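Participant: The file below is run.pdb, PDB, C-alpha atoms, pLDDT in the B column:
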```pdb
ATOM      1  CA  MET Q   1      -9.278 -22.164 -16.189  1.00 61.00           C
ATOM      2  CA  VAL Q   2      -7.599 -19.271 -14.413  1.00 67.00           C
ATOM      3  CA  GLU Q   3      -3.872 -19.632 -14.018  1.00 86.00           C
ATOM      4  CA  PHE Q   4      -3.183 -18.162 -10.599  1.00 77.00           C
ATOM      5  CA  GLU Q   5       0.491 -17.645 -11.397  1.00 85.00           C
ATOM      6  CA  ASP Q   6      -0.538 -15.262 -14.195  1.00 90.00           C
ATOM      7  CA  VAL Q   7      -3.016 -13.457 -11.929  1.00 88.00           C
ATOM      8  CA  ILE Q   8      -0.387 -13.109  -9.203  1.00 90.00           C
ATOM      9  CA  GLY Q   9       2.210 -11.883 -11.700  1.00 92.00           C
ATOM     10  CA  TRP Q  10      -0.122  -9.278 -13.189  1.00 94.00           C
ATOM     11  CA  THR Q  11      -1.319  -8.182  -9.747  1.00 93.00           C
ATOM     12  CA  LEU Q  12       2.241  -7.547  -8.603  1.00 95.00           C
ATOM     13  CA  ARG Q  13       3.219  -5.787 -11.843  1.00 96.00           C
ATOM     14  CA  ILE Q  14       0.150  -3.539 -11.946  1.00 97.00           C
ATOM     15  CA  GLY Q  15       0.421  -2.688  -8.237  1.00 97.00           C
ATOM     16  CA  VAL Q  16       4.072  -1.686  -8.544  1.00 97.00           C
ATOM     17  CA  ILE Q  17       3.486   0.294 -11.759  1.00 98.00           C
ATOM     18  CA  ILE Q  18       0.511   2.232 -10.319  1.00 97.00           C
ATOM     19  CA  SER Q  19       2.462   2.879  -7.127  1.00 98.00           C
ATOM     20  CA  ALA Q  20       5.516   4.120  -9.031  1.00 98.00           C
ATOM     21  CA  ILE Q  21       3.403   6.420 -11.214  1.00 98.00           C
ATOM     22  CA  LEU Q  22       1.687   7.962  -8.179  1.00 96.00           C
ATOM     23  CA  ILE Q  23       4.960   8.441  -6.295  1.00 96.00           C
ATOM     24  CA  ILE Q  24       6.744   9.987  -9.291  1.00 97.00           C
ATOM     25  CA  PHE Q  25       3.761  12.237 -10.094  1.00 96.00           C
ATOM     26  CA  GLY Q  26       3.487  13.302  -6.429  1.00 94.00           C
ATOM     27  CA  PHE Q  27       7.201  14.064  -6.282  1.00 94.00           C
ATOM     28  CA  ALA Q  28       6.951  16.113  -9.483  1.00 95.00           C
ATOM     29  CA  LEU Q  29       4.027  18.086  -8.033  1.00 93.00           C
ATOM     30  CA  ILE Q  30       6.029  18.818  -4.888  1.00 93.00           C
ATOM     31  CA  LEU Q  31       8.882  20.166  -7.006  1.00 93.00           C
ATOM     32  CA  ILE Q  32       6.552  22.185  -9.259  1.00 92.00           C
ATOM     33  CA  HIS Q  33       4.623  23.751  -6.368  1.00 90.00           C
ATOM     34  CA  ASN Q  34       7.712  24.117  -4.141  1.00 86.00           C
ATOM     35  CA  GLY Q  35       5.968  22.058  -1.479  1.00 85.00           C
ATOM     36  CA  ALA Q  36       2.657  20.399  -0.783  1.00 85.00           C
ATOM     37  CA  GLY Q  37      -0.322  21.606   1.186  1.00 80.00           C
ATOM     38  CA  PRO Q  38       0.827  23.543   4.260  1.00 82.00           C
ATOM     39  CA  TYR Q  39       4.434  22.307   3.921  1.00 83.00           C
ATOM     40  CA  THR Q  40       7.181  24.004   1.960  1.00 88.00           C
ATOM     41  CA  LEU Q  41       9.770  22.034   0.023  1.00 88.00           C
ATOM     42  CA  ASN Q  42      12.376  22.899   2.675  1.00 87.00           C
ATOM     43  CA  GLN Q  43      10.153  21.465   5.429  1.00 85.00           C
ATOM     44  CA  LEU Q  44       9.622  18.265   3.451  1.00 85.00           C
ATOM     45  CA  VAL Q  45      13.294  17.609   2.670  1.00 84.00           C
ATOM     46  CA  ASN Q  46      14.856  18.817   5.921  1.00 85.00           C
ATOM     47  CA  PRO Q  47      15.942  15.803   8.023  1.00 85.00           C
ATOM     48  CA  GLN Q  48      15.326  17.839  11.207  1.00 86.00           C
ATOM     49  CA  SER Q  49      11.755  18.687  10.157  1.00 81.00           C
ATOM     50  CA  ASN Q  50       8.781  17.569  12.218  1.00 79.00           C
ATOM     51  CA  VAL Q  51       6.909  16.599   9.050  1.00 77.00           C
ATOM     52  CA  ASN Q  52       6.373  12.843   8.962  1.00 74.00           C
ATOM     53  CA  THR Q  53       3.503  10.416   8.551  1.00 72.00           C
ATOM     54  CA  LYS Q  54       2.352  11.116  12.107  1.00 71.00           C
ATOM     55  CA  THR Q  55       1.681  14.751  11.199  1.00 66.00           C
ATOM     56  CA  ILE Q  56      -0.259  13.819   8.065  1.00 69.00           C
ATOM     57  CA  LYS Q  57      -3.842  12.674   8.560  1.00 72.00           C
ATOM     58  CA  PHE Q  58      -4.597   9.635   6.434  1.00 70.00           C
ATOM     59  CA  SER Q  59      -8.274  10.609   6.452  1.00 74.00           C
ATOM     60  CA  THR Q  60      -7.412  13.682   4.357  1.00 76.00           C
ATOM     61  CA  ILE Q  61      -5.601  11.797   1.616  1.00 78.00           C
ATOM     62  CA  TYR Q  62      -8.699  11.740  -0.611  1.00 76.00           C
ATOM     63  CA  SER Q  63      -9.190  15.515  -0.483  1.00 78.00           C
ATOM     64  CA  GLY Q  64      -5.446  15.954  -0.986  1.00 79.00           C
ATOM     65  CA  ILE Q  65      -5.565  13.829  -4.097  1.00 82.00           C
ATOM     66  CA  GLU Q  66      -8.456  15.902  -5.464  1.00 81.00           C
ATOM     67  CA  SER Q  67      -6.385  19.050  -4.959  1.00 85.00           C
ATOM     68  CA  LEU Q  68      -3.270  17.341  -6.405  1.00 87.00           C
ATOM     69  CA  ASN Q  69      -1.289  17.482  -3.175  1.00 88.00           C
ATOM     70  CA  GLY Q  70       2.031  15.783  -3.909  1.00 90.00           C
ATOM     71  CA  VAL Q  71       2.490  14.326  -0.416  1.00 88.00           C
ATOM     72  CA  ASP Q  72      -0.952  12.721  -0.506  1.00 89.00           C
ATOM     73  CA  LEU Q  73      -0.239  11.198  -3.913  1.00 92.00           C
ATOM     74  CA  ILE Q  74       3.032   9.790  -2.605  1.00 92.00           C
ATOM     75  CA  LEU Q  75       1.232   8.363   0.446  1.00 90.00           C
ATOM     76  CA  LEU Q  76      -1.404   6.758  -1.787  1.00 93.00           C
ATOM     77  CA  GLY Q  77       1.384   5.268  -3.898  1.00 95.00           C
ATOM     78  CA  LEU Q  78       3.011   3.837  -0.776  1.00 93.00           C
ATOM     79  CA  ILE Q  79      -0.314   2.433   0.449  1.00 92.00           C
ATOM     80  CA  ILE Q  80      -0.792   0.700  -2.904  1.00 95.00           C
ATOM     81  CA  LEU Q  81       2.775  -0.588  -2.749  1.00 96.00           C
ATOM     82  CA  ILE Q  82       2.107  -2.065   0.703  1.00 94.00           C
ATOM     83  CA  ALA Q  83      -1.269  -3.475  -0.385  1.00 95.00           C
ATOM     84  CA  THR Q  84       0.183  -5.250  -3.429  1.00 96.00           C
ATOM     85  CA  PRO Q  85       1.903  -8.146  -1.602  1.00 95.00           C
ATOM     86  CA  VAL Q  86      -1.041  -8.328   0.825  1.00 96.00           C
ATOM     87  CA  LEU Q  87      -3.307  -8.853  -2.186  1.00 96.00           C
ATOM     88  CA  ARG Q  88      -0.869 -11.503  -3.407  1.00 95.00           C
ATOM     89  CA  VAL Q  89      -1.304 -13.381  -0.107  1.00 96.00           C
ATOM     90  CA  PHE Q  90      -5.099 -13.136  -0.457  1.00 96.00           C
ATOM     91  CA  ILE Q  91      -4.898 -14.549  -4.005  1.00 95.00           C
ATOM     92  CA  GLY Q  92      -2.712 -17.331  -2.568  1.00 94.00           C
ATOM     93  CA  ILE Q  93      -5.583 -18.276  -0.237  1.00 96.00           C
ATOM     94  CA  LEU Q  94      -7.893 -18.589  -3.242  1.00 94.00           C
ATOM     95  CA  GLN Q  95      -5.295 -20.540  -5.184  1.00 93.00           C
ATOM     96  CA  PHE Q  96      -4.652 -23.094  -2.431  1.00 95.00           C
ATOM     97  CA  ALA Q  97      -8.374 -23.447  -1.685  1.00 96.00           C
ATOM     98  CA  ARG Q  98      -9.098 -24.091  -5.358  1.00 93.00           C
ATOM     99  CA  GLU Q  99      -6.345 -26.715  -5.455  1.00 94.00           C
ATOM    100  CA  LYS Q 100      -7.880 -28.256  -2.304  1.00 96.00           C
ATOM    101  CA  ASP Q 101      -4.536 -27.926  -0.537  1.00 96.00           C
ATOM    102  CA  TYR Q 102      -6.059 -27.351   2.884  1.00 97.00           C
ATOM    103  CA  LEU Q 103      -2.806 -27.202   4.850  1.00 97.00           C
ATOM    104  CA  TYR Q 104      -1.439 -24.350   2.740  1.00 97.00           C
ATOM    105  CA  THR Q 105      -4.856 -22.679   2.684  1.00 97.00           C
ATOM    106  CA  ILE Q 106      -4.844 -22.568   6.488  1.00 98.00           C
ATOM    107  CA  ILE Q 107      -1.215 -21.431   6.640  1.00 98.00           C
ATOM    108  CA  THR Q 108      -1.886 -18.657   4.118  1.00 97.00           C
ATOM    109  CA  ILE Q 109      -5.012 -17.546   6.010  1.00 98.00           C
ATOM    110  CA  ILE Q 110      -2.884 -17.297   9.168  1.00 98.00           C
ATOM    111  CA  VAL Q 111      -0.295 -15.230   7.264  1.00 97.00           C
ATOM    112  CA  PHE Q 112      -3.083 -12.976   5.920  1.00 98.00           C
ATOM    113  CA  PHE Q 113      -4.564 -12.394   9.375  1.00 97.00           C
ATOM    114  CA  ASN Q 114      -1.083 -11.689  10.774  1.00 97.00           C
ATOM    115  CA  LEU Q 115      -0.605  -9.052   8.075  1.00 96.00           C
ATOM    116  CA  MET Q 116      -3.997  -7.485   8.838  1.00 95.00           C
ATOM    117  CA  PHE Q 117      -3.186  -7.481  12.547  1.00 96.00           C
ATOM    118  CA  ALA Q 118       0.193  -5.835  11.929  1.00 94.00           C
ATOM    119  CA  ILE Q 119      -1.253  -3.219   9.573  1.00 90.00           C
ATOM    120  CA  PHE Q 120      -4.461  -2.249  11.383  1.00 89.00           C
ATOM    121  CA  ILE Q 121      -4.373  -3.353  15.034  1.00 93.00           C
ATOM    122  CA  ILE Q 122      -0.784  -2.923  16.213  1.00 93.00           C
ATOM    123  CA  PRO Q 123      -0.548   0.761  15.138  1.00 85.00           C
ATOM    124  CA  GLN Q 124      -3.670   1.480  17.216  1.00 85.00           C
ATOM    125  CA  ILE Q 125      -2.159  -0.246  20.249  1.00 90.00           C
ATOM    126  CA  ILE Q 126       1.190   1.544  19.945  1.00 85.00           C
ATOM    127  CA  LYS Q 127      -0.339   5.050  19.776  1.00 71.00           C
TER     128      LYS Q 127
END
```
Would it be possible to restate this file's structure as structure tokens?

Facilitator:
Amino acid sequence: MVEFEDVIGWTLRIGVIISAILIIFGFALILIHNGAGPYTLNQLVNPQSNVNTKTIKFSTIYSGIESLNGVDLILLGLIILIATPVLRVFIGILQFAREKDYLYTIITIIVFFNLMFAIFIIPQIIK
């Protein structure tokens, strides 16, 4: 029998470790290359710079990862870090459903849909 507490624990650990590795590796690449992609190191660290997540296209992260772009690796690490607790909520749905705890299954489904709404729908509305 699967112990969901162990699955949840390992999911959180692995998600945080992978995220940390990607962020550290991306940061190291930025330092080594004195910047990332079209941005210099000064543009990336300057608080007055216009470089932020709005100027970076998330659709180009994959090609940036292939070319070892430090900013794209950091963004992927942050996406994984955000996805880790979302995955924990999804595993919670499975856990409560398996335990036939229908009240908590419904509550956790509502929490999951709220997270999905906040991550995917609200940013499109705010644009």

Participant: For Leu115 in chain Q, which residue among Q:Leu29, Q:Val71, Q:Ile82, Q:Glu5 is the nearest when counting all atoms listed in the file?

Facilitator: Q:Ile82

Participant: Using CA of Ile106 in chain Q and CA of Leu12 in chain Q as the two end points, give the distance in Å to one decimal.

Facilitator: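 Separating CA of Ile106 in chain Q from CA of Leu12 in chain Q is a distance of 22.4 Å.
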
Participant: Just give me the gap between CA of Ser49 in chain Q and CA of Ala118 in chain Q in Å, one decimal is fine.

Facilitator: 27.2 Å

Participant: Which residues, written as a list of chain:residue names, have at least one atom at most 10 Å from Pro85 in chain Q, with all atoms listed in the file counted and residues fewer than 2 positions away on the same chain left out?

Facilitator: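 Surrounding residues, per the criterion: Q:Ile8, Q:Thr11, Q:Leu12, Q:Gly15, Q:Val16, Q:Ile80, Q:Leu81, Q:Ile82, Q:Ala83, Q:Leu87, Q:Arg88, Q:Val89, Q:Phe90, Q:Ile91.
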
Participant: Return the single residue from Q:Ile107, Q:Pro123, Q:Ser59, Q:Gly70 that is closest to Tyr39 in chain Q, with distances computed using only C-alpha atoms.

Facilitator: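 Of all the options, Q:Gly70 lies closest to Tyr39 in chain Q.
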
Participant: Would you compute the distance between CA of Leu103 in chain Q and CA of Ile121 in chain Q? Give it in Å to one decimal.

Facilitator: 26.0 Å

Participant: Can you give me, as number ranges by chain, the residues this file yields under the PyMOL selection byres ((chain Q and resi 26) around 10)?

Facilitator: Q: 20-25, 27-32, 36, 65, 68-77

Participant: Do you know which residues are at most 12 Å from Gln95 in chain Q counting all atoms listed in the file, after dropping those on the same chain fewer than 6 positions away, and could you put them as a ChimeraX atom specification?

Facilitator: /Q:1-8,88-89,101-102,104-106,108-109

Participant: How big is the axis-aligned box, and where does its centre sit, when it encloses all atoms of range 99-114 of chain Q listed in the file and has 4 Å added on every side, reported in Å to one decimal as AutoDock Vina command-line options?

Facilitator:
```
--center_x -4.1 --center_y -20.0 --center_z 2.7 --size_x 15.6 --size_y 24.6 --size_z 24.2
```

Participant: So, with all atoms listed in the file as the atoms that count, which of Q:Val86, Q:Pro38, Q:Leu94, Q:Lys127 lies closest to Val111 in chain Q?

Facilitator: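 The answer is Q:Val86, which sits nearest to Val111 in chain Q.
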
Participant: Carefully work through the PyMOL selection byres ((chain Q and resi 51) around 12) for this structure and note down the residues it includes, as a list in words.

Facilitator: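 Selected by the PyMOL selection byres ((chain Q and resi 51) around 12) in this file: Gly35, Ala36, Gly37, Pro38, Tyr39, Thr40, Leu41, Asn42, Gln43, Leu44, Val45, Asn46, Pro47, Gln48, Ser49, Asn50, Asn52, Thr53, Lys54, Thr55, Ile56, Lys57 and Val71 of chain Q.
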
Participant: Identify which of the residues Q:Asn114, Q:Thr84, Q:Ile93, Q:Glu99 lies closest to Arg13 in chain Q, counting all atoms listed in the file when measuring atom-to-atom distances.

Facilitator: Q:Thr84
